[in-house]
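K.L.:
The file below is input.pdb, PDB, C-alpha atoms:
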ATOM      1  CA  MET A   1     -22.858  -3.552   1.816
ATOM      2  CA  THR A   2     -24.483  -4.383   5.141
ATOM      3  CA  THR A   3     -24.123  -3.136   8.698
ATOM      4  CA  GLU A   4     -24.162  -6.753   9.835
ATOM      5  CA  GLY A   5     -21.282  -7.605   7.507
ATOM      6  CA  ALA A   6     -19.146  -4.708   8.731
ATOM      7  CA  THR A   7     -19.869  -5.638  12.342
ATOM      8  CA  MET A   8     -18.967  -9.256  11.627
ATOM      9  CA  LEU A   9     -15.705  -8.241   9.941
ATOM     10  CA  ALA A  10     -14.775  -5.941  12.816
ATOM     11  CA  SER A  11     -15.445  -8.768  15.249
ATOM     12  CA  LYS A  12     -13.230 -11.158  13.288
ATOM     13  CA  LEU A  13     -10.383  -8.621  13.145
ATOM     14  CA  ALA A  14     -10.655  -7.875  16.873
ATOM     15  CA  ALA A  15      -8.937 -11.204  17.534
ATOM     16  CA  PHE A  16      -5.758  -9.632  16.131
ATOM     17  CA  PRO A  17      -4.485  -6.833  18.394
ATOM     18  CA  ARG A  18      -2.977  -3.599  17.092
ATOM     19  CA  ILE A  19      -0.552  -1.332  18.907
ATOM     20  CA  GLY A  20      -1.917   2.050  17.860
ATOM     21  CA  LEU A  21       0.808   3.330  15.533
ATOM     22  CA  ALA A  22      -1.625   4.534  12.870
ATOM     23  CA  SER A  23      -4.148   7.343  13.191
ATOM     24  CA  LEU A  24      -7.382   5.593  12.284
ATOM     25  CA  PRO A  25      -9.908   5.821  10.761
ATOM     26  CA  THR A  26      -8.479   7.686   7.790
ATOM     27  CA  PRO A  27     -10.762  10.166   5.992
ATOM     28  CA  LEU A  28     -12.965   9.347   3.012
ATOM     29  CA  GLU A  29     -13.315  12.508   0.939
ATOM     30  CA  PRO A  30     -15.064  13.467  -2.308
ATOM     31  CA  MET A  31     -12.973  14.344  -5.357
ATOM     32  CA  ARG A  32     -15.535  16.665  -6.938
ATOM     33  CA  ARG A  33     -13.211  18.563  -9.266
ATOM     34  CA  LEU A  34     -11.616  15.404 -10.666
ATOM     35  CA  THR A  35     -15.087  13.892 -11.054
ATOM     36  CA  ASP A  36     -16.218  16.920 -13.065
ATOM     37  CA  HIS A  37     -13.045  16.844 -15.139
ATOM     38  CA  LEU A  38     -13.566  13.205 -16.105
ATOM     39  CA  GLY A  39     -17.349  13.369 -16.408
ATOM     40  CA  GLY A  40     -18.051  10.748 -13.746
ATOM     41  CA  PRO A  41     -18.289   8.394 -11.971
ATOM     42  CA  ARG A  42     -18.478  10.095  -8.571
ATOM     43  CA  LEU A  43     -14.948   9.734  -7.234
ATOM     44  CA  TRP A  44     -13.887   9.515  -3.599
ATOM     45  CA  VAL A  45     -10.455   9.188  -2.035
ATOM     46  CA  LYS A  46      -9.627   7.089   1.014
ATOM     47  CA  ARG A  47      -6.726   8.989   2.578
ATOM     48  CA  GLU A  48      -4.321   6.250   3.627
ATOM     49  CA  ASP A  49      -1.607   8.871   3.257
ATOM     50  CA  ALA A  50      -3.081  10.335   6.459
ATOM     51  CA  THR A  51      -2.223   7.461   8.819
ATOM     52  CA  GLY A  52       0.159   9.844  10.564
ATOM     53  CA  LEU A  53       3.536   8.562  11.658
ATOM     54  CA  GLY A  54       6.537   9.207   9.412
ATOM     55  CA  PHE A  55       4.522  10.780   6.557
ATOM     56  CA  GLY A  56       1.946   7.977   6.777
ATOM     57  CA  GLY A  57       0.932   5.448   4.161
ATOM     58  CA  ASN A  58      -0.894   2.155   3.775
ATOM     59  CA  LYS A  59       1.955   0.069   5.220
ATOM     60  CA  LEU A  60       1.522   1.751   8.587
ATOM     61  CA  ARG A  61      -1.916   0.149   8.908
ATOM     62  CA  LYS A  62      -0.278  -3.247   8.367
ATOM     63  CA  LEU A  63       2.558  -2.489  10.780
ATOM     64  CA  ASP A  64       0.006  -1.596  13.455
ATOM     65  CA  TYR A  65      -0.931  -5.278  13.598
ATOM     66  CA  VAL A  66       2.285  -6.966  12.486
ATOM     67  CA  LEU A  67       4.503  -5.193  15.019
ATOM     68  CA  HIS A  68       2.319  -6.268  17.925
ATOM     69  CA  GLU A  69       3.829  -9.672  17.223
ATOM     70  CA  ALA A  70       7.307  -8.118  17.253
ATOM     71  CA  LEU A  71       6.794  -6.551  20.665
ATOM     72  CA  ALA A  72       5.279  -9.746  22.045
ATOM     73  CA  SER A  73       8.384 -11.652  20.934
ATOM     74  CA  LYS A  74      10.654  -9.149  22.763
ATOM     75  CA  ALA A  75      12.404  -8.197  19.538
ATOM     76  CA  ASP A  76      15.040  -5.479  19.841
ATOM     77  CA  VAL A  77      15.492  -4.774  16.130
ATOM     78  CA  LEU A  78      13.243  -4.606  13.075
ATOM     79  CA  VAL A  79      14.668  -5.970   9.838
ATOM     80  CA  SER A  80      13.116  -5.140   6.497
ATOM     81  CA  GLY A  81      14.022  -3.773   3.106
ATOM     82  CA  GLY A  82      13.125  -2.399  -0.275
ATOM     83  CA  VAL A  83      14.463  -0.248  -3.073
ATOM     84  CA  VAL A  84      16.137   3.085  -2.326
ATOM     85  CA  GLN A  85      12.854   5.017  -2.413
ATOM     86  CA  SER A  86      10.716   2.330  -0.762
ATOM     87  CA  ASN A  87       7.709   3.761   1.079
ATOM     88  CA  SER A  88       7.465   0.534   3.042
ATOM     89  CA  GLN A  89      10.928   0.653   4.581
ATOM     90  CA  ARG A  90      10.465   4.341   5.423
ATOM     91  CA  GLN A  91       7.364   3.401   7.438
ATOM     92  CA  VAL A  92       9.224   0.516   9.101
ATOM     93  CA  ALA A  93      12.018   2.929  10.069
ATOM     94  CA  ALA A  94       9.510   5.413  11.493
ATOM     95  CA  ALA A  95       7.737   2.699  13.482
ATOM     96  CA  ALA A  96      11.032   1.438  14.881
ATOM     97  CA  ALA A  97      12.000   4.939  16.010
ATOM     98  CA  LYS A  98       8.622   5.436  17.702
ATOM     99  CA  LEU A  99       8.813   2.064  19.464
ATOM    100  CA  GLY A 100      12.443   2.441  20.549
ATOM    101  CA  LEU A 101      13.680  -0.439  18.413
ATOM    102  CA  ALA A 102      16.762  -0.543  16.209
ATOM    103  CA  CYS A 103      16.084  -0.785  12.495
ATOM    104  CA  HIS A 104      18.210  -2.446   9.829
ATOM    105  CA  LEU A 105      17.157  -2.201   6.177
ATOM    106  CA  ALA A 106      18.386  -4.138   3.155
ATOM    107  CA  VAL A 107      18.399  -1.479   0.440
ATOM    108  CA  TYR A 108      18.123  -3.069  -3.002
ATOM    109  CA  HIS A 109      20.152  -1.608  -5.852
ATOM    110  CA  GLY A 110      19.592  -2.641  -9.443
ATOM    111  CA  ARG A 111      15.821  -3.008  -9.546
ATOM    112  CA  VAL A 112      15.332   0.681 -10.386
ATOM    113  CA  ALA A 113      17.873   2.688 -12.366
ATOM    114  CA  PRO A 114      18.272   6.040 -10.549
ATOM    115  CA  PRO A 115      16.108   8.458 -12.583
ATOM    116  CA  THR A 116      17.645  11.605 -11.073
ATOM    117  CA  PRO A 117      20.854  12.586  -9.247
ATOM    118  CA  GLU A 118      18.849  13.136  -6.054
ATOM    119  CA  TYR A 119      17.237   9.675  -6.118
ATOM    120  CA  GLU A 120      19.848   8.059  -3.855
ATOM    121  CA  THR A 121      19.824  10.730  -1.144
ATOM    122  CA  SER A 122      16.480  12.553  -0.959
ATOM    123  CA  GLY A 123      12.864  11.645  -0.287
ATOM    124  CA  ASN A 124      12.401   8.344   1.529
ATOM    125  CA  ALA A 125      16.173   7.731   1.587
ATOM    126  CA  LEU A 126      16.650  10.938   3.572
ATOM    127  CA  LEU A 127      13.854  10.013   5.976
ATOM    128  CA  ASN A 128      15.306   6.546   6.583
ATOM    129  CA  ARG A 129      18.484   8.205   7.821
ATOM    130  CA  LEU A 130      16.538  10.800   9.806
ATOM    131  CA  PHE A 131      14.641   8.029  11.602
ATOM    132  CA  GLY A 132      17.935   6.372  12.559
ATOM    133  CA  ALA A 133      17.804   3.275  10.374
ATOM    134  CA  HIS A 134      20.959   1.323   9.553
ATOM    135  CA  LEU A 135      21.128   0.898   5.763
ATOM    136  CA  HIS A 136      22.764  -2.096   4.078
ATOM    137  CA  ASP A 137      23.216  -1.865   0.304
ATOM    138  CA  VAL A 138      22.501  -5.183  -1.432
ATOM    139  CA  PRO A 139      22.045  -6.200  -5.087
ATOM    140  CA  TRP A 140      18.571  -6.873  -6.456
ATOM    141  CA  THR A 141      18.241 -10.550  -7.410
ATOM    142  CA  GLY A 142      14.504 -10.749  -7.969
ATOM    143  CA  ASN A 143      13.941 -12.426  -4.599
ATOM    144  CA  ARG A 144      12.166  -9.817  -2.482
ATOM    145  CA  ASN A 145      12.902 -11.270   0.932
ATOM    146  CA  ALA A 146      16.164 -13.248   0.682
ATOM    147  CA  ALA A 147      18.520 -10.374   1.572
ATOM    148  CA  ILE A 148      16.221  -9.227   4.388
ATOM    149  CA  GLU A 149      16.220 -12.734   5.864
ATOM    150  CA  GLU A 150      19.995 -12.998   5.486
ATOM    151  CA  LEU A 151      20.409  -9.683   7.306
ATOM    152  CA  GLY A 152      18.184 -10.956  10.093
ATOM    153  CA  HIS A 153      20.229 -14.156  10.459
ATOM    154  CA  ARG A 154      23.415 -12.084  10.699
ATOM    155  CA  LEU A 155      21.957  -9.863  13.419
ATOM    156  CA  ARG A 156      20.726 -12.878  15.375
ATOM    157  CA  HIS A 157      24.208 -14.398  15.165
ATOM    158  CA  GLU A 158      25.538 -11.129  16.615
ATOM    159  CA  GLY A 159      23.265 -11.506  19.644
ATOM    160  CA  HIS A 160      20.253  -9.406  18.637
ATOM    161  CA  ARG A 161      16.591 -10.419  18.662
ATOM    162  CA  PRO A 162      15.479  -9.417  15.155
ATOM    163  CA  TYR A 163      11.915  -9.368  13.900
ATOM    164  CA  PHE A 164      11.503  -9.919  10.170
ATOM    165  CA  VAL A 165       9.166  -7.496   8.401
ATOM    166  CA  PRO A 166       8.642  -8.794   4.841
ATOM    167  CA  TYR A 167       8.992  -6.693   1.711
ATOM    168  CA  GLY A 168       5.950  -4.441   1.519
ATOM    169  CA  VAL A 169       4.773  -5.748   4.927
ATOM    170  CA  SER A 170       3.090  -8.382   2.792
ATOM    171  CA  ASN A 171       2.136 -11.640   4.452
ATOM    172  CA  PRO A 172      -1.170 -13.130   5.692
ATOM    173  CA  LEU A 173      -1.182 -10.989   8.860
ATOM    174  CA  GLY A 174      -0.514  -7.895   6.767
ATOM    175  CA  ALA A 175      -3.538  -8.813   4.651
ATOM    176  CA  ILE A 176      -5.689  -9.265   7.743
ATOM    177  CA  ALA A 177      -4.545  -5.866   8.953
ATOM    178  CA  TYR A 178      -5.496  -4.238   5.689
ATOM    179  CA  ALA A 179      -8.976  -5.742   5.786
ATOM    180  CA  SER A 180      -9.607  -3.176   8.529
ATOM    181  CA  THR A 181      -9.786  -0.577   5.752
ATOM    182  CA  ILE A 182     -13.023  -2.182   4.596
ATOM    183  CA  VAL A 183     -14.560  -1.803   8.065
ATOM    184  CA  GLU A 184     -13.885   1.926   7.856
ATOM    185  CA  ILE A 185     -15.049   2.311   4.248
ATOM    186  CA  ALA A 186     -18.286   0.439   4.970
ATOM    187  CA  ALA A 187     -19.106   2.705   7.935
ATOM    188  CA  GLN A 188     -18.094   5.878   6.104
ATOM    189  CA  SER A 189     -20.044   4.925   2.988
ATOM    190  CA  GLN A 190     -23.165   4.276   5.042
ATOM    191  CA  ALA A 191     -22.796   7.647   6.765
ATOM    192  CA  LEU A 192     -22.420   9.352   3.376
ATOM    193  CA  GLY A 193     -25.314   7.457   1.837
ATOM    194  CA  ILE A 194     -23.257   5.853  -0.935
ATOM    195  CA  ARG A 195     -22.846   2.286  -2.157
ATOM    196  CA  PRO A 196     -19.409   2.065  -3.816
ATOM    197  CA  ALA A 197     -19.378   0.115  -7.055
ATOM    198  CA  ALA A 198     -15.601  -0.290  -6.925
ATOM    199  CA  ILE A 199     -12.505   0.373  -4.843
ATOM    200  CA  VAL A 200      -9.427   1.083  -6.974
ATOM    201  CA  HIS A 201      -5.860   0.990  -5.684
ATOM    202  CA  CYS A 202      -2.279   0.155  -6.644
ATOM    203  CA  THR A 203      -1.159  -3.431  -6.200
ATOM    204  CA  GLY A 204       2.374  -4.792  -6.133
ATOM    205  CA  SER A 205       3.531  -6.741  -3.092
ATOM    206  CA  ALA A 206      -0.083  -7.989  -2.897
ATOM    207  CA  ALA A 207      -1.199  -7.957   0.768
ATOM    208  CA  THR A 208      -3.058  -4.641   0.441
ATOM    209  CA  GLN A 209      -5.283  -6.050  -2.286
ATOM    210  CA  ALA A 210      -5.585  -9.376  -0.471
ATOM    211  CA  GLY A 211      -6.893  -7.607   2.630
ATOM    212  CA  LEU A 212      -9.367  -5.542   0.639
ATOM    213  CA  VAL A 213     -10.681  -8.622  -1.184
ATOM    214  CA  VAL A 214     -11.131 -10.651   2.004
ATOM    215  CA  GLY A 215     -12.663  -7.731   3.886
ATOM    216  CA  ALA A 216     -15.064  -6.940   1.054
ATOM    217  CA  SER A 217     -16.172 -10.568   0.851
ATOM    218  CA  VAL A 218     -17.553 -10.159   4.384
ATOM    219  CA  ALA A 219     -18.744  -6.547   4.515
ATOM    220  CA  MET A 220     -19.031  -5.213   0.933
ATOM    221  CA  PRO A 221     -19.687  -8.211  -1.346
ATOM    222  CA  GLU A 222     -21.212  -6.076  -4.132
ATOM    223  CA  THR A 223     -18.139  -3.828  -4.412
ATOM    224  CA  ARG A 224     -15.417  -4.688  -6.947
ATOM    225  CA  ILE A 225     -11.838  -4.540  -5.679
ATOM    226  CA  ILE A 226      -9.685  -3.399  -8.604
ATOM    227  CA  GLY A 227      -5.929  -3.564  -8.258
ATOM    228  CA  ILE A 228      -3.847  -1.562 -10.730
ATOM    229  CA  ASP A 229      -0.607  -3.487 -11.295
ATOM    230  CA  ILE A 230       2.358  -1.158 -10.713
ATOM    231  CA  ASP A 231       5.081  -3.815 -10.973
ATOM    232  CA  ALA A 232       4.594  -4.674 -14.671
ATOM    233  CA  GLU A 233       4.135  -8.235 -13.353
ATOM    234  CA  PRO A 234       0.351  -8.742 -13.323
ATOM    235  CA  GLU A 235       0.447 -12.559 -13.295
ATOM    236  CA  ARG A 236       2.871 -12.637 -10.343
ATOM    237  CA  VAL A 237       0.863  -9.989  -8.528
ATOM    238  CA  ARG A 238      -2.416 -11.851  -8.957
ATOM    239  CA  SER A 239      -0.830 -15.110  -7.804
ATOM    240  CA  ASP A 240       0.498 -13.456  -4.655
ATOM    241  CA  VAL A 241      -2.831 -11.742  -3.934
ATOM    242  CA  ILE A 242      -4.570 -15.109  -4.148
ATOM    243  CA  ALA A 243      -2.035 -16.758  -1.822
ATOM    244  CA  TYR A 244      -2.232 -14.045   0.852
ATOM    245  CA  ALA A 245      -6.000 -13.705   0.573
ATOM    246  CA  ARG A 246      -6.575 -17.428   0.915
ATOM    247  CA  ALA A 247      -4.342 -17.589   4.004
ATOM    248  CA  ALA A 248      -5.953 -14.501   5.553
ATOM    249  CA  ALA A 249      -9.467 -15.793   4.864
ATOM    250  CA  ASP A 250      -8.603 -19.085   6.544
ATOM    251  CA  LEU A 251      -7.290 -17.248   9.609
ATOM    252  CA  ILE A 252     -10.479 -15.238  10.116
ATOM    253  CA  GLY A 253     -12.945 -17.835   8.828
ATOM    254  CA  ALA A 254     -14.072 -15.826   5.808
ATOM    255  CA  ARG A 255     -15.101 -16.766   2.293
ATOM    256  CA  PHE A 256     -12.584 -16.345  -0.517
ATOM    257  CA  ASP A 257     -13.147 -16.728  -4.238
ATOM    258  CA  GLU A 258     -10.262 -16.377  -6.687
ATOM    259  CA  ASP A 259     -12.648 -14.768  -9.159
ATOM    260  CA  ASP A 260     -12.827 -11.737  -6.845
ATOM    261  CA  VAL A 261      -9.153 -10.947  -7.521
ATOM    262  CA  GLU A 262      -9.077  -8.370 -10.311
ATOM    263  CA  VAL A 263      -5.636  -7.132 -11.363
ATOM    264  CA  VAL A 264      -5.566  -4.625 -14.218
ATOM    265  CA  ALA A 265      -2.424  -4.590 -16.344
ATOM    266  CA  GLY A 266      -1.083  -1.974 -18.700
ATOM    267  CA  HIS A 267      -0.583   1.021 -16.393
ATOM    268  CA  ALA A 268       2.792   0.230 -14.827
ATOM    269  CA  GLY A 269       4.800   1.956 -17.536
ATOM    270  CA  PRO A 270       8.013   0.356 -18.764
ATOM    271  CA  ALA A 271       8.952  -1.122 -15.373
ATOM    272  CA  TYR A 272       8.513  -0.868 -11.623
ATOM    273  CA  GLY A 273       9.626   2.506 -10.308
ATOM    274  CA  VAL A 274       9.661   4.127 -13.747
ATOM    275  CA  PRO A 275       6.906   6.714 -14.260
ATOM    276  CA  HIS A 276       5.494   7.109 -17.753
ATOM    277  CA  ALA A 277       3.537   9.976 -19.305
ATOM    278  CA  ALA A 278       0.151   8.803 -17.982
ATOM    279  CA  THR A 279       1.559   8.575 -14.442
ATOM    280  CA  ILE A 280       2.967  12.086 -14.589
ATOM    281  CA  ASP A 281      -0.293  13.435 -16.034
ATOM    282  CA  ALA A 282      -2.257  11.771 -13.207
ATOM    283  CA  ILE A 283       0.063  13.229 -10.561
ATOM    284  CA  LYS A 284      -0.381  16.720 -12.035
ATOM    285  CA  LEU A 285      -4.159  16.340 -12.233
ATOM    286  CA  ALA A 286      -4.429  15.182  -8.632
ATOM    287  CA  GLY A 287      -2.328  18.092  -7.453
ATOM    288  CA  ALA A 288      -4.008  20.788  -9.497
ATOM    289  CA  LEU A 289      -7.602  19.616  -9.015
ATOM    290  CA  GLU A 290      -7.618  18.033  -5.543
ATOM    291  CA  ALA A 291      -4.386  19.160  -3.804
ATOM    292  CA  LEU A 292      -3.394  15.499  -3.462
ATOM    293  CA  THR A 293       0.285  14.543  -3.503
ATOM    294  CA  LEU A 294       0.639  11.240  -5.331
ATOM    295  CA  ASP A 295       3.933   9.454  -5.869
ATOM    296  CA  PRO A 296       5.351   8.293  -9.228
ATOM    297  CA  VAL A 297       5.828   4.649  -8.215
ATOM    298  CA  TYR A 298       2.524   3.633  -6.644
ATOM    299  CA  SER A 299      -0.400   6.021  -6.193
ATOM    300  CA  GLY A 300       0.343   7.991  -9.374
ATOM    301  CA  LYS A 301       0.212   4.839 -11.480
ATOM    302  CA  ALA A 302      -2.948   3.738  -9.664
ATOM    303  CA  LEU A 303      -4.708   6.988 -10.493
ATOM    304  CA  ALA A 304      -3.505   6.742 -14.092
ATOM    305  CA  GLY A 305      -5.178   3.327 -14.195
ATOM    306  CA  LEU A 306      -8.383   4.664 -12.656
ATOM    307  CA  ILE A 307      -8.513   7.525 -15.163
ATOM    308  CA  ALA A 308      -8.089   5.028 -18.009
ATOM    309  CA  LEU A 309     -10.904   2.850 -16.654
ATOM    310  CA  VAL A 310     -13.196   5.880 -16.526
ATOM    311  CA  ARG A 311     -12.308   7.020 -20.037
ATOM    312  CA  GLU A 312     -12.749   3.499 -21.397
ATOM    313  CA  ARG A 313     -16.219   3.354 -19.761
ATOM    314  CA  ARG A 314     -15.204   0.332 -17.726
ATOM    315  CA  LEU A 315     -16.666   2.116 -14.697
ATOM    316  CA  GLN A 316     -20.234   3.343 -15.023
ATOM    317  CA  PRO A 317     -20.726   7.134 -14.825
ATOM    318  CA  ASP A 318     -23.632   7.089 -12.369
ATOM    319  CA  THR A 319     -21.788   5.176  -9.629
ATOM    320  CA  ASP A 320     -19.524   5.895  -6.687
ATOM    321  CA  VAL A 321     -15.906   4.750  -6.942
ATOM    322  CA  ILE A 322     -13.304   4.952  -4.179
ATOM    323  CA  PHE A 323      -9.631   5.528  -4.907
ATOM    324  CA  ILE A 324      -7.218   4.474  -2.166
ATOM    325  CA  HIS A 325      -4.378   6.965  -1.775
ATOM    326  CA  THR A 326      -1.660   4.696  -0.378
ATOM    327  CA  GLY A 327       0.736   7.568   0.397
ATOM    328  CA  GLY A 328       4.291   8.022  -0.809
ATOM    329  CA  ALA A 329       4.600  11.806  -1.093
ATOM    330  CA  PRO A 330       8.308  11.856  -0.038
ATOM    331  CA  ALA A 331       9.270  10.040  -3.256
ATOM    332  CA  LEU A 332       8.126  13.071  -5.254
ATOM    333  CA  PHE A 333      11.287  14.887  -4.220
ATOM    334  CA  ALA A 334      13.497  12.057  -5.462
ATOM    335  CA  TYR A 335      11.780  12.122  -8.865
ATOM    336  CA  GLN A 336      11.515  15.884  -9.256
ATOM    337  CA  GLY A 337      13.783  16.010 -12.296
ATOM    338  CA  VAL A 338      11.581  13.680 -14.365
ATOM    339  CA  LEU A 339       8.182  15.110 -13.416
ATOM    340  CA  GLY A 340       8.452  18.285 -15.468
ATOM    341  CA  ILE A 341       7.002  20.425 -12.706
TER     342      ILE A 341
END
As structure tokens - that is how I would like this structure written.
P.N.:
Amino acid sequence: MTTEGATMLASKLAAFPRIGLASLPTPLEPMRRLTDHLGGPRLWVKREDATGLGFGGNKLRKLDYVLHEALASKADVLVSGGVVQSNSQRQVAAAAAKLGLACHLAVYHGRVAPPTPEYETSGNALLNRLFGAHLHDVPWTGNRNAAIEELGHRLRHEGHRPYFVPYGVSNPLGAIAYASTIVEIAAQSQALGIRPAAIVHCTGSAATQAGLVVGASVAMPETRIIGIDIDAEPERVRSDVIAYARAAADLIGARFDEDDVEVVAGHAGPAYGVPHAATIDAIKLAGALEALTLDPVYSGKALAGLIALVRERRLQPDTDVIFIHTGGAPALFAYQGVLGI
């Protein structure tokens, strides 16, 4: 980790304007009680749940950059999508409301079997309606973006100027946007006098990890970027991370090595969107020890993976490790019946 590297990365990212939707930088805080509970390493949390708008989350950092392109193109409607309890589409809906744009969301049914009666109506689904989004129920086919693109074509045919926001806000520009997290972590780590051995986070639609990998290659080359697969599709996830990272690195003139992409399998439970016992235990630990609200689809599974890595001694006790809290607290209310709380 070098000051020169962080300055260089910040300079490269400055070529891509942001519109100021997210409250940045987000805090980097110690998790002392969880550290003591696990017996090390020294754990920190990067609070991407604290980006502000619409309950925050990591996608808002991406939207800060991506939607500059939407405004520049004079779009009048944002088009995106996800499953019923998607954190991503909730953040798209919030951004659209703040910017005065219409929002149409393709809501996928069939990828996740509703785990509770309140799944379809509470949590993120409630917030989508509160933020004024127009919801279009579509079947899940396995293609993440096809229905979103089809919805955009329909709106354009009707005379609108839609801007396509991909599933998970994951594309090369989204990866570039997320590299800005590394600029913040590098500065915060230097101020705290730590040299993080690893940054651990959930990985699914892939651009978050791609941005971290590319950013770290410039500013924190000695820090491992560890993605915990939450999709139960580790090979697909790693392939997508590589594709987005390579494209993002080319855009900013950075180095990229496929060997830097580390995706850890085995912590996604039976399927995407289905919490298992380790996820629920991690959510309870985070709440009771650190007053953190993790969700059962993303951040809860990521912490379950981090806890397993610590217990398996795959992270050294006398090191500093950063956990990225990607947000998602509203989904807790949709899963209340299966959390046993």
K.L.:
Leaving out Gly159 (chain A) and any residue of its chain fewer than 6 positions from it, which residues lie within 12 Å of it when counting only C-alpha atoms, given as a PyMOL selection string?
P.N.:
chain A and resi 75-77+152-153
K.L.:
Could you write those residues out with C-alpha atoms, as an mmCIF file, in the coordinates of the input?
P.N.:
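Ended up saving to again_16.cif:
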data_model
loop_
_atom_site.group_PDB
_atom_site.id
_atom_site.type_symbol
_atom_site.label_atom_id
_atom_site.label_comp_id
_atom_site.auth_asym_id
_atom_site.auth_seq_id
_atom_site.Cartn_x
_atom_site.Cartn_y
_atom_site.Cartn_z
ATOM 1 C CA ALA A 75 12.404 -8.197 19.538
ATOM 2 C CA ASP A 76 15.040 -5.479 19.841
ATOM 3 C CA VAL A 77 15.492 -4.774 16.130
ATOM 4 C CA GLY A 152 18.184 -10.956 10.093
ATOM 5 C CA HIS A 153 20.229 -14.156 10.459
#
K.L.:
Restricting the calculation to only C-alpha atoms: of A:Thr7, A:Glu69, A:Glu29, A:Ile307, which residue gets closest to Leu292 (chain A)?
P.N.:
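Nearest candidate to Leu292 (chain A) out of A:Thr7, A:Glu69, A:Glu29, A:Ile307: A:Glu29.
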K.L.:
Return the single residue from A:Ile341, A:Leu173, A:Val263, A:Ala106 that is closest to Trp140 (chain A), with distances computed using only C-alpha atoms.
P.N.:
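That would be A:Ala106, the residue with the smallest distance to Trp140 (chain A).
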K.L.:
Could you give me, as JSON, numbers by chain, the residues within 8 Å of His267 (chain A), counting all atoms listed in the file and dropping anything in the same chain fewer than 6 positions from it?
P.N.:
{"A": [228, 229, 230, 232, 278, 301, 302, 304, 305]}
K.L.:
Just say which residues the PyMOL selection byres ((chain A and resi 329) around 9) picks in this file, as a PyMOL selection string.
P.N.:
chain A and resi 49+55+87+123-124+293-296+327-328+330-333
K.L.:
Suppose we keep C-alpha atoms; can you now write the selection as a compact mmCIF listing (two decimals), keeping the file's coordinate frame?
P.N.:
# COMPACT_ATOMS: atom_id res chain seq x y z
CA ASP A 49 -1.61 8.87 3.26
CA PHE A 55 4.52 10.78 6.56
CA ASN A 87 7.71 3.76 1.08
CA GLY A 123 12.86 11.64 -0.29
CA ASN A 124 12.40 8.34 1.53
CA THR A 293 0.28 14.54 -3.50
CA LEU A 294 0.64 11.24 -5.33
CA ASP A 295 3.93 9.45 -5.87
CA PRO A 296 5.35 8.29 -9.23
CA GLY A 327 0.74 7.57 0.40
CA GLY A 328 4.29 8.02 -0.81
CA PRO A 330 8.31 11.86 -0.04
CA ALA A 331 9.27 10.04 -3.26
CA LEU A 332 8.13 13.07 -5.25
CA PHE A 333 11.29 14.89 -4.22
K.L.:
Which of these residues is nearest to Ala14 (chain A), using all atoms listed in the file: A:Gly40, A:Gly227, A:Arg144, A:Ile252?
P.N.:
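Of A:Gly40, A:Gly227, A:Arg144, A:Ile252, the one nearest Ala14 (chain A), counting all atoms listed in the file, is A:Ile252.
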K.L.:
Could you check the closest approach to Glu222 (chain A) for each of A:Pro25, A:Ala198, A:Lys98, A:Val241 and tell me which residue wins, using all atoms listed in the file?
P.N.:
A:Ala198
K.L.:
My structure is short of atoms at region 199-209 of chain A; please model N, CA and C atoms there, returning them as a PDB file, in the coordinates of the input.
P.N.:
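Contents of the output file selection.pdb:
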ATOM      1  N   ILE A 199     -13.623  -0.214  -5.580  1.00  0.00           N
ATOM      2  CA  ILE A 199     -12.505   0.373  -4.843  1.00  0.00           C
ATOM      3  C   ILE A 199     -11.264   0.117  -5.682  1.00  0.00           C
ATOM      4  N   VAL A 200     -10.573   1.182  -6.071  1.00  0.00           N
ATOM      5  CA  VAL A 200      -9.427   1.083  -6.974  1.00  0.00           C
ATOM      6  C   VAL A 200      -8.165   1.487  -6.219  1.00  0.00           C
ATOM      7  N   HIS A 201      -7.098   0.732  -6.422  1.00  0.00           N
ATOM      8  CA  HIS A 201      -5.860   0.990  -5.684  1.00  0.00           C
ATOM      9  C   HIS A 201      -4.686   0.403  -6.457  1.00  0.00           C
ATOM     10  N   CYS A 202      -3.463   0.767  -6.051  1.00  0.00           N
ATOM     11  CA  CYS A 202      -2.279   0.155  -6.644  1.00  0.00           C
ATOM     12  C   CYS A 202      -2.007  -1.184  -5.974  1.00  0.00           C
ATOM     13  N   THR A 203      -1.474  -2.116  -6.745  1.00  0.00           N
ATOM     14  CA  THR A 203      -1.159  -3.431  -6.200  1.00  0.00           C
ATOM     15  C   THR A 203       0.202  -3.876  -6.709  1.00  0.00           C
ATOM     16  N   GLY A 204       1.023  -4.382  -5.782  1.00  0.00           N
ATOM     17  CA  GLY A 204       2.374  -4.792  -6.133  1.00  0.00           C
ATOM     18  C   GLY A 204       2.848  -5.950  -5.271  1.00  0.00           C
ATOM     19  N   SER A 205       3.093  -5.657  -3.976  1.00  0.00           N
ATOM     20  CA  SER A 205       3.531  -6.741  -3.092  1.00  0.00           C
ATOM     21  C   SER A 205       2.354  -7.565  -2.590  1.00  0.00           C
ATOM     22  N   ALA A 206       1.121  -7.142  -2.876  1.00  0.00           N
ATOM     23  CA  ALA A 206      -0.083  -7.989  -2.897  1.00  0.00           C
ATOM     24  C   ALA A 206      -0.931  -8.044  -1.633  1.00  0.00           C
ATOM     25  N   ALA A 207      -0.391  -7.775  -0.434  1.00  0.00           N
ATOM     26  CA  ALA A 207      -1.199  -7.957   0.768  1.00  0.00           C
ATOM     27  C   ALA A 207      -2.259  -6.879   0.927  1.00  0.00           C
ATOM     28  N   THR A 208      -2.027  -5.683   0.383  1.00  0.00           N
ATOM     29  CA  THR A 208      -3.058  -4.641   0.441  1.00  0.00           C
ATOM     30  C   THR A 208      -4.306  -5.113  -0.304  1.00  0.00           C
ATOM     31  N   GLN A 209      -4.125  -5.573  -1.538  1.00  0.00           N
ATOM     32  CA  GLN A 209      -5.283  -6.050  -2.286  1.00  0.00           C
ATOM     33  C   GLN A 209      -5.891  -7.285  -1.638  1.00  0.00           C
TER      34      GLN A 209
END
